[in-house]
file protein16.txt (compact mmCIF, C-alpha atoms (C1' of nucleotides))
# COMPACT_ATOMS: atom_id res chain seq x y z
CA MET Q 1 96.41 125.89 77.82
CA SER Q 2 94.22 128.81 78.75
CA GLY Q 3 91.66 126.23 79.77
CA PHE Q 4 94.16 124.99 82.29
CA VAL Q 5 94.73 128.48 83.66
CA LEU Q 6 91.02 129.00 84.12
CA ALA Q 7 90.51 125.57 85.61
CA CYS Q 8 93.25 126.22 88.15
CA LYS Q 9 91.61 129.44 89.25
CA GLU Q 10 88.26 127.71 89.58
CA ARG Q 11 89.69 125.04 91.84
CA GLY Q 12 91.89 127.34 93.85
CA LEU Q 13 95.14 125.91 92.57
CA ARG Q 14 98.02 128.33 92.40
CA LEU Q 15 99.43 128.76 88.97
CA THR Q 16 103.14 128.43 89.56
CA HIS Q 17 105.84 128.38 86.97
CA GLN Q 18 106.69 124.76 87.83
CA ARG Q 19 103.12 123.54 87.71
CA LEU Q 20 102.56 125.11 84.33
CA GLU Q 21 105.71 123.62 82.88
CA VAL Q 22 104.95 120.12 84.14
CA TYR Q 23 101.50 120.40 82.64
CA ARG Q 24 102.88 121.62 79.32
CA ALA Q 25 105.53 118.91 79.20
CA LEU Q 26 102.96 116.18 79.73
CA ALA Q 27 100.47 117.70 77.29
CA LYS Q 28 103.20 117.72 74.65
CA ALA Q 29 104.54 114.24 75.44
CA LYS Q 30 103.40 111.29 73.37
CA ASP Q 31 105.33 108.60 75.21
CA HIS Q 32 103.54 108.28 78.56
CA PRO Q 33 106.51 109.49 80.57
CA SER Q 34 107.41 108.63 84.15
CA ALA Q 35 107.93 111.27 86.83
CA GLU Q 36 111.68 111.01 86.33
CA MET Q 37 111.38 111.45 82.56
CA LEU Q 38 109.21 114.55 82.99
CA TYR Q 39 111.64 115.88 85.56
CA GLN Q 40 114.51 115.66 83.06
CA ARG Q 41 112.48 117.46 80.41
CA VAL Q 42 111.12 120.23 82.60
CA ARG Q 43 114.56 120.79 84.07
CA LYS Q 44 115.75 122.09 80.73
CA ARG Q 45 113.30 124.97 81.03
CA VAL Q 46 113.22 125.26 84.83
CA PRO Q 47 116.67 124.12 85.99
CA THR Q 48 115.88 124.60 89.68
CA ILE Q 49 112.80 122.39 89.80
CA SER Q 50 113.05 119.38 92.06
CA LEU Q 51 111.86 115.85 91.48
CA ASP Q 52 109.50 115.92 94.44
CA THR Q 53 107.77 118.95 93.00
CA VAL Q 54 107.17 116.95 89.84
CA TYR Q 55 105.70 114.15 91.94
CA ARG Q 56 103.52 116.53 93.91
CA THR Q 57 102.40 118.33 90.78
CA LEU Q 58 101.51 115.09 89.03
CA GLY Q 59 99.53 114.10 92.08
CA SER Q 60 97.60 117.37 92.05
CA LEU Q 61 96.94 117.22 88.33
CA GLU Q 62 95.73 113.65 88.67
CA GLU Q 63 93.40 114.55 91.54
CA GLU Q 64 91.93 117.36 89.49
CA GLY Q 65 91.43 115.04 86.55
CA PHE Q 66 93.76 116.85 84.16
CA ILE Q 67 95.96 113.83 83.66
CA ALA Q 68 95.79 110.08 84.18
CA ARG Q 69 98.06 107.37 85.45
CA VAL Q 70 98.67 104.58 82.96
CA GLY Q 71 97.95 101.05 84.07
CA THR Q 72 97.04 99.86 87.50
CA ALA Q 73 97.83 102.07 90.44
CA MET Q 74 99.01 99.44 92.89
CA SER Q 75 101.75 100.02 95.41
CA SER Q 76 103.10 96.51 95.12
CA ALA Q 77 103.07 93.65 92.64
CA ARG Q 78 100.24 91.13 92.97
CA PHE Q 79 100.39 87.53 91.83
CA GLU Q 80 97.90 84.87 90.86
CA PHE Q 81 97.84 81.21 90.04
CA ASN Q 82 94.83 80.95 87.72
CA PRO Q 83 96.35 79.73 84.44
CA GLU Q 84 93.26 80.39 82.34
CA PRO Q 85 93.22 83.64 80.36
CA HIS Q 86 90.91 85.98 82.18
CA HIS Q 87 90.33 89.60 83.08
CA HIS Q 88 90.23 91.51 86.33
CA PHE Q 89 87.92 93.73 88.29
CA VAL Q 90 89.54 96.07 90.81
CA CYS Q 91 87.37 97.55 93.52
CA VAL Q 92 88.18 101.21 94.05
CA ARG Q 93 86.93 101.06 97.62
CA CYS Q 94 88.35 97.91 99.18
CA GLY Q 95 91.21 97.42 96.73
CA GLY Q 96 90.21 93.82 96.15
CA ILE Q 97 90.86 92.12 92.83
CA ARG Q 98 88.44 89.62 91.34
CA ASP Q 99 88.82 87.39 88.33
CA VAL Q 100 86.49 87.94 85.39
CA GLU Q 101 85.97 85.04 83.00
CA ALA Q 102 87.06 85.82 79.48
CA HIS Q 103 83.80 84.51 77.95
CA SER Q 104 83.39 86.17 74.61
CA LEU Q 105 85.96 88.81 75.54
CA GLY Q 106 88.70 86.47 74.39
CA HIS Q 107 92.04 87.45 73.00
CA ASP Q 108 91.04 87.14 69.35
CA ALA Q 109 87.89 89.18 69.84
CA LEU Q 110 89.90 92.00 71.39
CA ALA Q 111 93.01 91.91 69.22
CA LYS Q 112 91.08 92.46 66.01
CA TYR Q 113 90.60 96.09 67.02
CA LEU Q 114 94.30 96.78 66.60
CA PRO Q 115 95.94 97.66 63.28
CA LYS Q 116 97.57 94.67 61.61
CA SER Q 117 100.94 96.37 61.97
CA TYR Q 118 100.98 95.25 65.61
CA HIS Q 119 101.89 91.76 66.69
CA VAL Q 120 99.59 91.21 69.65
CA LEU Q 121 100.64 88.52 72.11
CA SER Q 122 98.08 89.01 74.84
CA SER Q 123 95.18 91.21 75.83
CA HIS Q 124 93.81 91.97 79.24
CA VAL Q 125 90.84 93.99 80.39
CA GLU Q 126 90.84 95.74 83.72
CA PHE Q 127 87.56 97.00 85.09
CA ARG Q 128 87.34 99.38 88.00
CA GLY Q 129 84.37 100.10 90.15
CA LEU Q 130 82.57 98.88 93.23
CA CYS Q 131 82.51 95.16 93.94
CA PRO Q 132 79.23 93.51 95.05
CA ASP Q 133 80.30 93.59 98.70
CA CYS Q 134 81.12 97.28 98.77
CA LEU Q 135 78.04 98.06 96.73
CA GLU Q 136 75.88 96.35 99.32
CA LYS Q 137 77.52 98.22 102.17
CA THR Q 138 76.90 101.48 100.33
CA SER Q 139 73.20 100.86 99.78
CA LYS Q 140 72.76 99.91 103.42
CA SER Q 141 74.15 103.16 104.72
CA MET S 1 100.38 69.54 92.80
CA SER S 2 102.09 66.47 91.40
CA GLY S 3 102.00 68.26 88.08
CA PHE S 4 104.16 70.93 89.66
CA VAL S 5 106.64 68.37 90.96
CA LEU S 6 106.99 66.82 87.54
CA ALA S 7 107.22 70.18 85.78
CA CYS S 8 110.01 71.24 88.12
CA LYS S 9 111.99 68.13 87.31
CA GLU S 10 111.50 68.66 83.61
CA ARG S 11 112.83 72.18 83.79
CA GLY S 12 115.66 71.41 86.16
CA LEU S 13 114.22 73.41 89.03
CA ARG S 14 115.11 72.13 92.46
CA LEU S 15 112.10 71.22 94.51
CA THR S 16 112.81 72.87 97.82
CA HIS S 17 110.52 73.05 100.78
CA GLN S 18 110.23 76.83 100.42
CA ARG S 19 109.44 76.73 96.74
CA LEU S 20 106.74 74.16 97.22
CA GLU S 21 105.10 76.11 100.03
CA VAL S 22 105.07 79.37 98.07
CA TYR S 23 103.52 77.53 95.17
CA ARG S 24 100.89 75.93 97.38
CA ALA S 25 100.07 79.19 99.11
CA LEU S 26 99.48 80.95 95.81
CA ALA S 27 97.52 78.04 94.31
CA LYS S 28 95.23 78.16 97.32
CA ALA S 29 94.91 81.96 97.44
CA LYS S 30 91.92 83.63 95.86
CA ASP S 31 92.89 87.22 96.56
CA HIS S 32 95.83 87.91 94.23
CA PRO S 33 98.31 88.39 97.07
CA SER S 34 101.45 90.49 97.08
CA ALA S 35 104.87 89.08 97.88
CA GLU S 36 104.56 90.38 101.42
CA MET S 37 101.13 88.79 101.89
CA LEU S 38 102.43 85.44 100.67
CA TYR S 39 105.44 85.77 102.91
CA GLN S 40 103.22 86.16 105.97
CA ARG S 41 101.17 83.12 105.02
CA VAL S 42 104.06 80.83 104.16
CA ARG S 43 105.86 81.88 107.32
CA LYS S 44 103.22 80.12 109.39
CA ARG S 45 104.30 76.81 107.87
CA VAL S 46 107.97 77.65 107.25
CA PRO S 47 108.94 80.13 109.96
CA THR S 48 112.52 80.51 108.74
CA ILE S 49 111.67 81.54 105.18
CA SER S 50 112.83 85.00 104.17
CA LEU S 51 111.04 87.62 102.13
CA ASP S 52 113.71 87.63 99.44
CA THR S 53 113.21 83.92 98.91
CA VAL S 54 109.54 84.61 98.31
CA TYR S 55 110.50 87.25 95.76
CA ARG S 56 113.00 84.97 94.07
CA THR S 57 110.57 82.07 94.05
CA LEU S 58 107.79 84.19 92.58
CA GLY S 59 110.22 85.32 89.90
CA SER S 60 111.13 81.73 89.04
CA LEU S 61 107.54 80.57 88.98
CA GLU S 62 106.60 83.47 86.76
CA GLU S 63 109.44 82.77 84.34
CA GLU S 64 108.33 79.16 84.09
CA GLY S 65 104.76 80.21 83.46
CA PHE S 66 103.28 78.64 86.59
CA ILE S 67 101.97 81.92 87.88
CA ALA S 68 101.21 85.39 86.55
CA ARG S 69 101.64 88.95 87.69
CA VAL S 70 98.43 90.94 87.85
CA GLY S 71 98.29 94.21 85.99
CA THR S 72 101.10 96.01 84.28
CA ALA S 73 104.65 95.15 85.25
CA MET S 74 106.19 98.60 85.17
CA SER S 75 108.96 99.71 87.48
CA SER S 76 107.63 103.22 87.79
CA ALA S 77 104.37 105.08 87.36
CA ARG S 78 103.68 106.47 83.91
CA PHE S 79 101.43 109.44 83.16
CA GLU S 80 99.47 110.71 80.20
CA PHE S 81 97.51 113.73 79.19
CA ASN S 82 95.11 112.29 76.63
CA PRO S 83 91.70 112.93 78.19
CA GLU S 84 89.77 110.72 75.75
CA PRO S 85 88.94 107.21 76.96
CA HIS S 86 91.33 104.87 75.21
CA HIS S 87 93.33 101.68 75.59
CA HIS S 88 97.03 100.90 75.56
CA PHE S 89 99.48 98.74 73.74
CA VAL S 90 102.70 97.90 75.57
CA CYS S 91 105.64 96.63 73.54
CA VAL S 92 107.36 93.76 75.31
CA ARG S 93 110.63 94.53 73.57
CA CYS S 94 111.14 98.29 73.75
CA GLY S 95 108.77 98.93 76.65
CA GLY S 96 107.03 101.69 74.71
CA ILE S 97 103.38 102.46 75.35
CA ARG S 98 101.03 103.48 72.55
CA ASP S 99 97.48 104.72 72.71
CA VAL S 100 94.76 102.62 71.11
CA GLU S 101 91.54 104.35 70.17
CA ALA S 102 88.52 102.96 71.94
CA HIS S 103 86.52 102.60 68.70
CA SER S 104 83.86 100.01 69.32
CA LEU S 105 85.73 98.76 72.37
CA GLY S 106 84.03 101.42 74.43
CA HIS S 107 83.19 101.23 78.08
CA ASP S 108 79.60 100.11 77.60
CA ALA S 109 80.58 97.39 75.15
CA LEU S 110 83.06 95.97 77.63
CA ALA S 111 81.13 96.42 80.86
CA LYS S 112 78.19 94.37 79.68
CA TYR S 113 80.28 91.24 80.14
CA LEU S 114 80.30 91.68 83.91
CA PRO S 115 77.55 90.45 86.23
CA LYS S 116 75.04 93.12 87.15
CA SER S 117 76.12 92.83 90.78
CA TYR S 118 79.18 94.93 89.91
CA HIS S 119 79.10 98.69 89.59
CA VAL S 120 81.61 99.31 86.80
CA LEU S 121 83.10 102.78 86.64
CA SER S 122 85.74 102.32 83.96
CA SER S 123 87.24 99.70 81.72
CA HIS S 124 90.63 99.57 80.14
CA VAL S 125 92.25 97.12 77.75
CA GLU S 126 95.96 96.53 77.77
CA PHE S 127 97.50 94.74 74.83
CA ARG S 128 101.01 93.35 74.89
CA GLY S 129 103.14 92.37 71.97
CA LEU S 130 105.56 93.79 69.45
CA CYS S 131 105.03 97.31 68.19
CA PRO S 132 105.37 98.04 64.46
CA ASP S 133 108.90 99.39 64.92
CA CYS S 134 110.21 96.36 66.79
CA LEU S 135 108.38 94.06 64.41
CA GLU S 136 110.16 95.66 61.49
CA LYS S 137 113.55 95.34 63.17
CA THR S 138 112.85 91.67 63.81
CA SER S 139 111.93 90.87 60.22
CA LYS S 140 115.06 92.65 58.97
CA SER S 141 117.39 90.55 61.06
C1' DC E 1 100.36 140.01 103.79
C1' DT E 2 98.88 135.30 103.94
C1' DC E 3 99.11 130.85 102.73
C1' DC E 4 100.10 127.40 99.44
C1' DA E 5 103.82 125.48 96.82
C1' DT E 6 108.66 124.65 96.47
C1' DG E 7 113.28 122.77 97.42
C1' DC E 8 116.17 120.20 100.21
C1' DA E 9 117.04 116.25 102.74
C1' DA E 10 115.75 112.36 104.86
C1' DA E 11 112.53 108.60 105.53
C1' DC E 12 109.92 104.96 103.64
C1' DT E 13 108.40 101.06 100.70
C1' DT E 14 109.13 97.69 97.48
C1' DT E 15 112.31 94.93 95.12
C1' DT E 16 117.01 93.40 93.90
C1' DT E 17 121.69 91.81 94.75
C1' DG E 18 126.37 89.99 96.91
C1' DC E 19 127.95 86.57 99.59
C1' DA E 20 128.69 82.50 102.55
C1' DG E 21 126.64 78.26 103.95
C1' DC E 22 123.27 74.62 103.23
C1' DA E 23 120.38 71.33 100.86
C1' DC E 24 118.83 69.06 96.83
C1' DC E 25 119.90 66.05 93.11
C1' DG X 1 130.02 66.32 95.83
C1' DG X 2 128.73 70.04 92.88
C1' DT X 3 125.48 73.46 91.85
C1' DG X 4 121.76 75.99 92.70
C1' DC X 5 118.83 77.80 96.56
C1' DT X 6 118.45 80.07 100.92
C1' DG X 7 119.01 83.53 104.44
C1' DC X 8 121.09 87.60 105.97
C1' DA X 9 122.21 92.15 105.16
C1' DA X 10 122.83 95.90 102.49
C1' DA X 11 121.81 98.39 98.27
C1' DA X 12 118.92 100.15 94.77
C1' DA X 13 114.90 102.35 92.83
C1' DG X 14 110.70 104.85 93.26
C1' DT X 15 107.92 107.68 96.00
C1' DT X 16 106.50 110.29 100.06
C1' DT X 17 107.05 113.52 103.89
C1' DG X 18 108.80 117.32 107.43
C1' DC X 19 110.32 121.64 107.57
C1' DA X 20 111.87 126.30 106.51
C1' DT X 21 111.78 129.49 102.72
C1' DG X 22 109.77 131.87 98.82
C1' DG X 23 106.38 133.38 95.55
C1' DA X 24 101.34 133.70 93.95
C1' DG X 25 97.11 135.86 94.89
call {"tool": "encode", "arguments": {"input": "protein16.txt", "output": "structure tokens"}}
result
Amino acid sequence: MSGFVLACKERGLRLTHQRLEVYRALAKAKDHPSAEMLYQRVRKRVPTISLDTVYRTLGSLEEEGFIARVGTAMSSARFEFNPEPHHHFVCVRCGGIRDVEAHSLGHDALAKYLPKSYHVLSSHVEFRGLCPDCLEKTSKS
Amino acid sequence: MSGFVLACKERGLRLTHQRLEVYRALAKAKDHPSAEMLYQRVRKRVPTISLDTVYRTLGSLEEEGFIARVGTAMSSARFEFNPEPHHHFVCVRCGGIRDVEAHSLGHDALAKYLPKSYHVLSSHVEFRGLCPDCLEKTSKS
DNA sequence: CTCCATGCAAACTTTTTGCAGCACC
DNA sequence: GGTGCTGCAAAAAGTTTGCATGGAG
């Protein structure tokens, strides 16, 4: 908590009542809430807060690295035909998605890391980084 | 292709011009297109097709297992505070998300499976299946 | 006092749905 | 010929943005 206060000062973020409560609500949450879910929770303590403030606050906190977005941050759904189990590499620069062969990163190899109390149906790895094309453009410039 | 025709008959799906063209466009695509991207491509061959037909067709093809959706299928963005690198388990029944410790499935262990031409910044595993709670409810009934 | 953050409303994007007509089987 | 699919339009859901006000520093 106090670490958050200090970090805000360092980065020039204003420490508003709303921002603090959104941060606290997410730090306390164990269920990976959506913006709407956080809005409902924070509203109990700050009845006048608006949903767009929650969105804007989450955006700020994400930019500053305090919080993370679960799963892929893609604006729209993407589809593929490849019926073989495989993984994906997402380029953070060009947004392109490339298939990654499962090789020894198969389902069984991954699923064994979970407790036996889970019934795992599928497993999927998503890598993020720079694809060969963007990497080449970077080194050239 | 002919496999698709046969599979449609087996499952009682009507083999319309539109459905076939959406299927072909996705089978040919290498870039994991969105519904809108597919719409633009199919429109060149079937100028009267509508975007909602593309959506409906993609939904049917996904249900039948012909195609897959890339990444997490979540209606809204979900956030988390946990700053430690970790993975996620998504329950297909209750939609709940649980953290999975990275253990030996750390970034380095995963990234080594990619060609060196990629610059990998992060790696994340997403498991899907039944969580312990839903599994228990299933066995009881 | 200054400027960033907030709240309100409205726009925007992506996806879904109701309905009438058409096409596949 | 009946049923499911299509196209149109409108709605729904999630998220973003413009603008005037208010509160933090």
call {"tool": "interface_residues", "arguments": {"input": "protein16.txt", "of": "chain X", "to": "chain Q", "cutoff": "9 Å", "atoms": "only C-alpha atoms (C1' of nucleotides)", "output": "VMD selection string"}}
result
chain X and resid 15 to 16 23 to 25
call {"tool": "closest_atom_pairs", "arguments": {"input": "protein16.txt", "of": "chain Q", "to": "chain E", "cutoff": "7 Å", "atoms": "all atoms listed in the file", "output": "Markdown table"}}
result
| residue | atom | partner | partner_atom | distance |
| --- | --- | --- | --- | --- |
| Q:Ser50 | CA | E:DG7 | C1' | 6.3 |
| Q:Thr53 | CA | E:DT6 | C1' | 6.7 |
| Q:Ser76 | CA | E:DT14 | C1' | 6.6 |
call {"tool": "closest_residue", "arguments": {"input": "protein16.txt", "among": "Q:Pro115, Q:Val70, Q:Ser139, Q:Gln40", "to": "Asn82 in chain S", "atoms": "all atoms listed in the file"}}
result
Q:Val70
call {"tool": "interface_residues", "arguments": {"input": "protein16.txt", "of": "chain Q", "to": "chain S", "cutoff": "7 Å", "atoms": "all atoms listed in the file", "output": "mmCIF file with C-alpha atoms, in the frame of the given file"}}
result
data_model
loop_
_atom_site.group_PDB
_atom_site.id
_atom_site.type_symbol
_atom_site.label_atom_id
_atom_site.label_comp_id
_atom_site.auth_asym_id
_atom_site.auth_seq_id
_atom_site.Cartn_x
_atom_site.Cartn_y
_atom_site.Cartn_z
ATOM 1 C CA LEU Q 26 102.960 116.180 79.730
ATOM 2 C CA ALA Q 27 100.470 117.700 77.290
ATOM 3 C CA ASP Q 31 105.330 108.600 75.210
ATOM 4 C CA HIS Q 32 103.540 108.280 78.560
ATOM 5 C CA PRO Q 33 106.510 109.490 80.570
ATOM 6 C CA SER Q 34 107.410 108.630 84.150
ATOM 7 C CA PHE Q 66 93.760 116.850 84.160
ATOM 8 C CA ILE Q 67 95.960 113.830 83.660
ATOM 9 C CA ALA Q 68 95.790 110.080 84.180
ATOM 10 C CA ARG Q 69 98.060 107.370 85.450
ATOM 11 C CA VAL Q 70 98.670 104.580 82.960
ATOM 12 C CA GLY Q 71 97.950 101.050 84.070
ATOM 13 C CA THR Q 72 97.040 99.860 87.500
ATOM 14 C CA SER Q 76 103.100 96.510 95.120
ATOM 15 C CA ALA Q 77 103.070 93.650 92.640
ATOM 16 C CA ARG Q 78 100.240 91.130 92.970
ATOM 17 C CA PHE Q 79 100.390 87.530 91.830
ATOM 18 C CA GLU Q 80 97.900 84.870 90.860
ATOM 19 C CA PHE Q 81 97.840 81.210 90.040
ATOM 20 C CA PRO Q 83 96.350 79.730 84.440
ATOM 21 C CA ILE Q 97 90.860 92.120 92.830
ATOM 22 C CA SER Q 117 100.940 96.370 61.970
ATOM 23 C CA TYR Q 118 100.980 95.250 65.610
ATOM 24 C CA HIS Q 119 101.890 91.760 66.690
ATOM 25 C CA VAL Q 120 99.590 91.210 69.650
ATOM 26 C CA LEU Q 121 100.640 88.520 72.110
ATOM 27 C CA SER Q 122 98.080 89.010 74.840
ATOM 28 C CA SER Q 123 95.180 91.210 75.830
ATOM 29 C CA HIS Q 124 93.810 91.970 79.240
ATOM 30 C CA VAL Q 125 90.840 93.990 80.390
ATOM 31 C CA GLU Q 126 90.840 95.740 83.720
ATOM 32 C CA PHE Q 127 87.560 97.000 85.090
ATOM 33 C CA ARG Q 128 87.340 99.380 88.000
ATOM 34 C CA GLY Q 129 84.370 100.100 90.150
ATOM 35 C CA LEU Q 130 82.570 98.880 93.230
ATOM 36 C CA CYS Q 131 82.510 95.160 93.940
ATOM 37 C CA PRO Q 132 79.230 93.510 95.050
#
call {"tool": "atom_distance", "arguments": {"input": "protein16.txt", "atom1": "CA of Glu21 in chain S", "atom2": "CA of Phe4 in chain S"}}
result
11.6 Å
call {"tool": "atom_distance", "arguments": {"input": "protein16.txt", "atom1": "CA of Tyr39 in chain Q", "atom2": "CA of Ser60 in chain Q"}}
result
15.5 Å
call {"tool": "atom_distance", "arguments": {"input": "protein16.txt", "atom1": "CA of Thr138 in chain S", "atom2": "CA of Arg93 in chain S"}}
result
10.4 Å
call {"tool": "axis_aligned_box", "arguments": {"input": "protein16.txt", "around": "range 107-121 of chain Q", "padding_each_side": "4 Å", "output": "JSON"}}
result
{"center_x": 94.9, "center_y": 92.4, "center_z": 67.3, "size_x": 22.0, "size_y": 18.5, "size_z": 19.4}
